[in-house]
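Here is the structure we will look at, set down as structure tokens.
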Amino acid sequence: MQKRQQIRIDGIVQGVGFRPFVYRLAKSLQLTGSVLNSNTGVLIEVEGAGENLAHFQNRLRQEMPPLAQILEISNREIPVKNDERFVILQSEHKGESSALISPDMSLCEDCLNELLSPADRRFRYAFLNCTNCGPRFTIISGIPYDRAKTSMKDFPMCDSCRKEYHDPTDRRFHAQPNACPVCGPQIQIYDREHRRVNTADPIKHTVTLLRSGRILAIRGLGGFHLVVDAKNAQAVELLRERKNRAEKPFALMAANADVVEKYCKITHREREALQQQTRPILLLQARPNTNLPKSIAPKSKYFGFMLPYLPIQHLLFYEDFQVLVMTSANITDEPIVINTEKAFEHLSGLADYFVVHNREILQRCDDSIAIIVAGQQRILRRSRGYVPAPVILKNETKACILAVGAELKNTVALSTGKRVMLSQHIGDLDNPEALKFFKESIDHLQTLLEIKPQHIACDKHPEYLSSKWAYEQFLMPKIEVQHHHAHLASVMAENENPRKTIGIILDGTGYGADGNIWGGEILVGDLKSVARYAWFEPLPLPGGEAAIKEPWRMGISYLRNAFGSAMLTLDLPIIHNIQPAEMTLLQQMLEKDINSPLTSGCGRLFDAVSAILDICPRITYEAQAAIELEMMVKTAIQRNQAYPVRMEQNSGVISFVPLLREVVNDKTQNVPNEQIAARFHVTLAEILISLAISARKDTGISQVGLSGGVFQNFTLFKYMVDRLRAEGFQVLTHAKVPPNDGGISLGQIAVANAQLQ
Ligand code: ZN
Ligand code: ZN
Ligand code: FE
């Protein structure tokens with residue numbers, strides 16, 4: 001029996017070789033009909049024997065091209081038309097387009113083979129790609145996605161490339177960035193005086209420069225990297241010196257997963273994660289005593305490794321290297337540099353040479369960062385390889401909402417229907433470049449989705465630059481979302497679970513509903529509203545912002561709270577090492593309440609303990625004290641390591657005085673920091689778990705959501721997930737969006753949407 005079906009597919013199905021795939025599949029099953037790109041995705045009509053139609057449906061999902069992502073598929077039976085063939089039809093361009101664009105993906109196997117085959121016309125050509133790989137998001141200025149709206153518009157295709165482009169049986173059929181050495185972009189090298197270096201083979205020359213210990217600024221996909229030979233300790237040191245980056249770990253790129261395994265213990269799962277086409281920087285357990293210089297990741301138990309994703313990177317490794325340091329090229333705290341002129345202007349003090357190309361980067365995009373922990377990949381920075389793929393909500397948003405995120409690690413987001421389009425990592429907004437990037441990202445999301453938001457969601461914090469921007473948009477209604485409510489909503493939204501939840505939100509800082517700084521919060525509620533069930537005892541943060549950079553100040557604040565003036569008699573390095581004048585000044589600030597706002601931030605508790613243990617009294621990068629405290633914990637933590645403290649909770653306020661006293665007692669008795677740090681982690685976790693249990697008793701809710709920047713502490717995170725599950729909780733955790741403020745924009749959308757309903 002002949003039947004005909006119309007199949008509508010929404011998702012990432014354009015520019016990824018979907019139509020030729022459908023064409024081949026239909027032919028192989030003797031089906032007739034057509035396929036075309038529609039304004040939302042792809043529209044297929046197939047006709048043939050009923051069982052072949054069923055095979056077609058199944059194989060569509062199972063065998064689709066690697067970059068395709070199906071979000072929604074619908075089909076209905078329509079009258080038979082008795083076509084003779086299966087054809088690819090011209091695109092349908094009417095109305096607004098909501099077709100999705102693929103993120104940038106690493107070079108595919110087929111292209112890699114061509115890159116390394118001397119007989120191929122693209123042998124050693126650094127800009128080859130096909131419908132299964134290559135740049136997408138970073139080269140587009142608008143939609144619909146075709147060459148005229150990409151930075152490839154400056155490179156008219158040669159005859160050979162054009163032939164591939166128009167041939168439905170070719171891997172490069174409608175591959176918008178298609179290029180070859182005859183018609184495509186090229187690489188050039190410049191020295192720090194911006195003089196062009198004469199070389200017949202820029203790749204070989206780049207290898208020579210790296211081998212001689214030079215620091216190179218290499219223009220990549222979403223911006224510039226600073227690159228040095230990772231085995232050259234002097235070069236790594238020099239990079240630290242010039243970048244003025246004392247201790248924050250550098251990212252590494254290795255030739256392949258086997259090389260990574262020499263430096264890190266990797267599981268099968270992690271090996272796969274390294275090789276996935278999104279190519280994130282993956283945090284992996286470093287092996288002790290490798291031959292990599294200590295200065296790459298001092299005091300960290302992780303190395304952040306990624307595998308090559310661009311042709312030029314493959315070529316560098318093919319020629320010589322095993323491991324390269326590959327860190328974003330930016331001026332301190334500013335976004336990654338994308339433009340060659342800007343690189344000359346700003347990176348000349350950092351790089352010895354510039355390896356540039358002439359394909360413009362239209363969207364800035366950092367490397368993404370991920371880790372595999374508690375059985376899942378967790379994205380910690382969501383950028384290249386993931387953006388602009390949407391996050392899907394359980395329910396449709398009724399209105400189109402723009403969320404402008406927080407202040408640090410900012411991302412913005414735009415919703416339409418069930419989809420939330422999150423921007424790439426924008427970064428800390430406190431400099432003009434970043435703020436410009438923030439505004440551009442908002443414009444670009446609107447261009448990509450061809451929609452104008454009807455509402456703006458922003459943080460309650462009146463001083464966040466994102467909130468201030470929101471308030472300048474006079475014509476649009478604003479919805480203010482409390483920071484930690486947004487964190488909870490974020491983890492609920494990405495799990496498509498809007499049911500009432502107990503939120504354990506462990507964060508650095510966020511503006512509280514009462515105007516104080518919050519950040520150690522047990523919340524109970526849903527997307528619409530939450531109540532504060534319990535919170536860390538608010539303590540003064542002497543010096544405000546300055547105290548975040550100098551954790552010893554918070555150490556004193558916590559000690560004073562636990563010991564009063566007897567604090568000065570404690571036999572602790574933090575007491576001995578502070579200059580008497582500094583100590584007096586700090587005490588006066590605390591006593592007279594000068595510039596000492598109250599904070600319940602969990603990050604500040606970690607700062608305090610890190611400083612009291614003399615691990616990190618002053619920081620050189622964000623959250624360093626907390627990270628180094630965690631790094632002290634060398635092996636998996638056990639429940640029986642907890643200090644015998646009773647939970648002290650007074651009408652919601654959680655006191656850490658008993659815990660602090662135990663920590664101080666251990667320290668004065670010279671218990672090693674490794675042990676104290678482990679016991680601190682377990683005790684804190686157990687206190688929080690006991691609160692979750694009492695919240696469950698009080699409310700009958702047995703679902704817990706974990707969010708907030710502190711959950712990038714995977715010692716704490718993994719322990720809490722395991723223990724909460726053992727206690728019978730259903731635990732919602734972040735995987736697709738970061739637990740830190742990078743996930744706030746998603747939460748803001750979820751809350752705003754719930755409040756609008
Ligand atoms: Zn390819
Ligand atoms: Zn060509
Ligand atoms: Fe936060």
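Labeling convention for the structure tokens: chains A, B, ... as they appear, residues from 1 per chain, ligands from 1 in order of appearance.
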Skip Cys111 (chain A) itself and residues of its chain fewer than 4 positions away, then list as a PDB file with N, CA and C atoms, in the first residue's frame all residues within 7 Å of it, counting only C-alpha atoms.
```pdb
ATOM      1  N   LEU A 107      37.058  20.011  13.492  1.00  0.00           N
ATOM      2  CA  LEU A 107      37.328  19.381  12.201  1.00  0.00           C
ATOM      3  C   LEU A 107      36.921  17.904  12.234  1.00  0.00           C
ATOM      4  N   LEU A 115      43.327  17.028   5.045  1.00  0.00           N
ATOM      5  CA  LEU A 115      44.348  17.972   5.528  1.00  0.00           C
ATOM      6  C   LEU A 115      45.744  17.343   5.501  1.00  0.00           C
ATOM      7  N   LEU A 128      39.999  24.415   5.776  1.00  0.00           N
ATOM      8  CA  LEU A 128      39.059  23.465   5.178  1.00  0.00           C
ATOM      9  C   LEU A 128      37.972  23.112   6.194  1.00  0.00           C
ATOM     10  N   ASN A 129      36.834  22.736   5.674  1.00  0.00           N
ATOM     11  CA  ASN A 129      35.681  22.369   6.504  1.00  0.00           C
ATOM     12  C   ASN A 129      34.660  21.711   5.596  1.00  0.00           C
TER      13      ASN A 129
END
```
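Selecting all polymer residues at most 8 Å from ligand 1, using only C-alpha atoms and all ligand atoms, gives A:Leu107, A:Cys108, A:Glu109, A:Asp110, A:Cys111, A:Leu112, A:Leu128, A:Asn129, A:Cys130, A:Thr131, A:Asn132, A:Cys133, A:Gly134, A:Arg171.
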Choose the residue, out of A:Ala148, A:Ile502, A:Ala235, A:Lys634, that has the smallest atom-to-atom separation from Gln675 (chain A); count only C-alpha atoms.
A:Lys634
List as a PyMOL selection string the protein and nucleic acid residues near region 33-46 of chain A, meaning an atom at most 9 Å away when only C-alpha atoms are counted, but skip any in the same chain fewer than 2 places from it.
chain A and resi 3-14+18-20+22-23+26+31+48+53+56+78+81-100+144
Report as a PyMOL selection string which protein, DNA and RNA residues come within 12 Å of ligand 3, using only C-alpha atoms and all ligand atoms.
chain A and resi 405-410+459+461+482-488+490+505-512+517-521+601-603+707-712+738-745+747-748
Output N, CA and C atoms for every residue in that selection, as a compact mmCIF listing (two decimals), in the first residue's frame.
```txt
# COMPACT_ATOMS: atom_id res chain seq x y z
N GLY A 405 21.21 38.61 32.94
CA GLY A 405 22.23 37.93 33.73
C GLY A 405 22.69 38.72 34.94
N ALA A 406 23.86 38.32 35.44
CA ALA A 406 24.41 38.94 36.64
C ALA A 406 25.53 39.90 36.25
N GLU A 407 26.52 40.04 37.11
CA GLU A 407 27.60 41.00 36.86
C GLU A 407 28.88 40.27 36.45
N LEU A 408 29.18 39.19 37.17
CA LEU A 408 30.38 38.42 36.86
C LEU A 408 29.98 37.20 36.04
N LYS A 409 30.92 36.71 35.26
CA LYS A 409 30.66 35.54 34.40
C LYS A 409 29.34 35.70 33.66
N ASN A 410 29.08 36.90 33.22
CA ASN A 410 27.77 37.21 32.64
C ASN A 410 27.47 36.40 31.38
N ASP A 459 18.73 41.16 37.48
CA ASP A 459 19.02 40.91 38.89
C ASP A 459 18.49 42.07 39.74
N HIS A 461 20.04 43.42 42.05
CA HIS A 461 21.15 44.28 42.49
C HIS A 461 21.14 45.60 41.71
N GLN A 482 15.51 37.92 42.26
CA GLN A 482 16.52 37.80 43.30
C GLN A 482 17.57 36.77 42.86
N HIS A 483 18.82 37.09 43.11
CA HIS A 483 19.94 36.33 42.58
C HIS A 483 19.88 34.83 42.87
N HIS A 484 19.58 34.47 44.12
CA HIS A 484 19.64 33.05 44.48
C HIS A 484 18.37 32.30 44.07
N HIS A 485 17.30 33.05 43.93
CA HIS A 485 16.10 32.47 43.33
C HIS A 485 16.42 32.12 41.87
N ALA A 486 17.15 33.01 41.20
CA ALA A 486 17.54 32.72 39.80
C ALA A 486 18.43 31.48 39.73
N HIS A 487 19.35 31.35 40.69
CA HIS A 487 20.20 30.14 40.71
C HIS A 487 19.33 28.88 40.82
N LEU A 488 18.40 28.90 41.76
CA LEU A 488 17.54 27.73 41.95
C LEU A 488 16.70 27.47 40.69
N SER A 490 17.37 28.24 37.72
CA SER A 490 18.24 27.80 36.64
C SER A 490 18.40 26.27 36.67
N ILE A 505 21.66 26.72 47.88
CA ILE A 505 22.35 27.63 46.98
C ILE A 505 23.61 28.14 47.69
N LEU A 506 24.74 27.69 47.20
CA LEU A 506 26.02 28.08 47.81
C LEU A 506 26.76 28.96 46.82
N ASP A 507 26.94 30.23 47.22
CA ASP A 507 27.36 31.22 46.25
C ASP A 507 28.36 32.16 46.88
N GLY A 508 28.95 33.00 46.05
CA GLY A 508 29.84 34.02 46.58
C GLY A 508 29.00 35.16 47.13
N THR A 509 28.53 36.02 46.23
CA THR A 509 27.69 37.13 46.67
C THR A 509 26.49 37.27 45.76
N GLY A 510 25.46 37.84 46.30
CA GLY A 510 24.26 38.14 45.53
C GLY A 510 23.41 39.06 46.39
N TYR A 511 22.66 39.93 45.73
CA TYR A 511 21.87 40.92 46.44
C TYR A 511 20.62 40.26 47.02
N GLY A 512 20.48 40.34 48.33
CA GLY A 512 19.38 39.67 48.99
C GLY A 512 18.10 40.48 48.96
N ILE A 517 23.99 41.21 51.62
CA ILE A 517 24.61 40.29 50.68
C ILE A 517 24.29 38.87 51.12
N TRP A 518 23.68 38.11 50.24
CA TRP A 518 23.36 36.73 50.52
C TRP A 518 24.34 35.79 49.80
N GLY A 519 24.21 34.51 50.11
CA GLY A 519 25.05 33.57 49.36
C GLY A 519 25.24 32.21 50.01
N GLY A 520 24.63 32.02 51.20
CA GLY A 520 24.61 30.69 51.80
C GLY A 520 23.16 30.42 52.16
N GLU A 521 22.39 29.90 51.21
CA GLU A 521 20.92 29.95 51.33
C GLU A 521 20.27 28.59 51.17
N GLY A 601 27.43 34.98 52.50
CA GLY A 601 27.99 34.25 51.36
C GLY A 601 28.79 33.02 51.78
N CYS A 602 28.51 31.90 51.13
CA CYS A 602 29.23 30.67 51.43
C CYS A 602 30.69 30.78 50.98
N GLY A 603 30.90 31.50 49.89
CA GLY A 603 32.26 31.72 49.41
C GLY A 603 33.12 32.38 50.47
N SER A 707 22.78 24.65 43.42
CA SER A 707 23.28 25.65 42.48
C SER A 707 24.13 26.70 43.21
N GLY A 708 24.80 27.52 42.44
CA GLY A 708 25.69 28.54 43.00
C GLY A 708 27.14 28.20 42.70
N GLY A 709 27.95 29.25 42.63
CA GLY A 709 29.35 29.09 42.23
C GLY A 709 30.16 28.14 43.08
N VAL A 710 29.79 28.01 44.37
CA VAL A 710 30.57 27.13 45.26
C VAL A 710 30.50 25.67 44.79
N PHE A 711 29.47 25.34 44.03
CA PHE A 711 29.37 23.95 43.55
C PHE A 711 30.35 23.64 42.42
N GLN A 712 31.21 24.59 42.12
CA GLN A 712 32.36 24.23 41.28
C GLN A 712 33.43 23.57 42.14
N PRO A 738 26.20 26.41 33.56
CA PRO A 738 27.09 26.42 34.72
C PRO A 738 26.34 26.64 36.03
N PRO A 739 26.86 26.08 37.15
CA PRO A 739 26.28 26.36 38.46
C PRO A 739 26.59 27.79 38.91
N ASN A 740 27.60 28.39 38.29
CA ASN A 740 28.00 29.75 38.68
C ASN A 740 27.07 30.77 38.00
N ASP A 741 27.47 32.05 38.03
CA ASP A 741 26.59 33.09 37.53
C ASP A 741 26.38 33.04 36.01
N GLY A 742 27.11 32.18 35.32
CA GLY A 742 26.85 31.95 33.90
C GLY A 742 25.48 31.35 33.64
N GLY A 743 24.89 30.74 34.69
CA GLY A 743 23.57 30.13 34.54
C GLY A 743 22.42 31.03 34.97
N ILE A 744 22.76 32.22 35.48
CA ILE A 744 21.74 33.11 36.05
C ILE A 744 20.71 33.57 35.01
N SER A 745 21.16 33.83 33.79
CA SER A 745 20.20 34.35 32.80
C SER A 745 19.09 33.34 32.52
N GLY A 747 17.92 31.16 34.68
CA GLY A 747 17.06 31.21 35.85
C GLY A 747 16.15 32.44 35.84
N GLN A 748 16.70 33.55 35.39
CA GLN A 748 15.90 34.78 35.32
C GLN A 748 14.72 34.60 34.36
```
Neighbours of ligand 2 at 6 Å or closer, counting only C-alpha atoms and all ligand atoms: which residues, as a VMD selection string?
chain A and resid 157 to 158 160 to 161 179 to 180 182 to 183
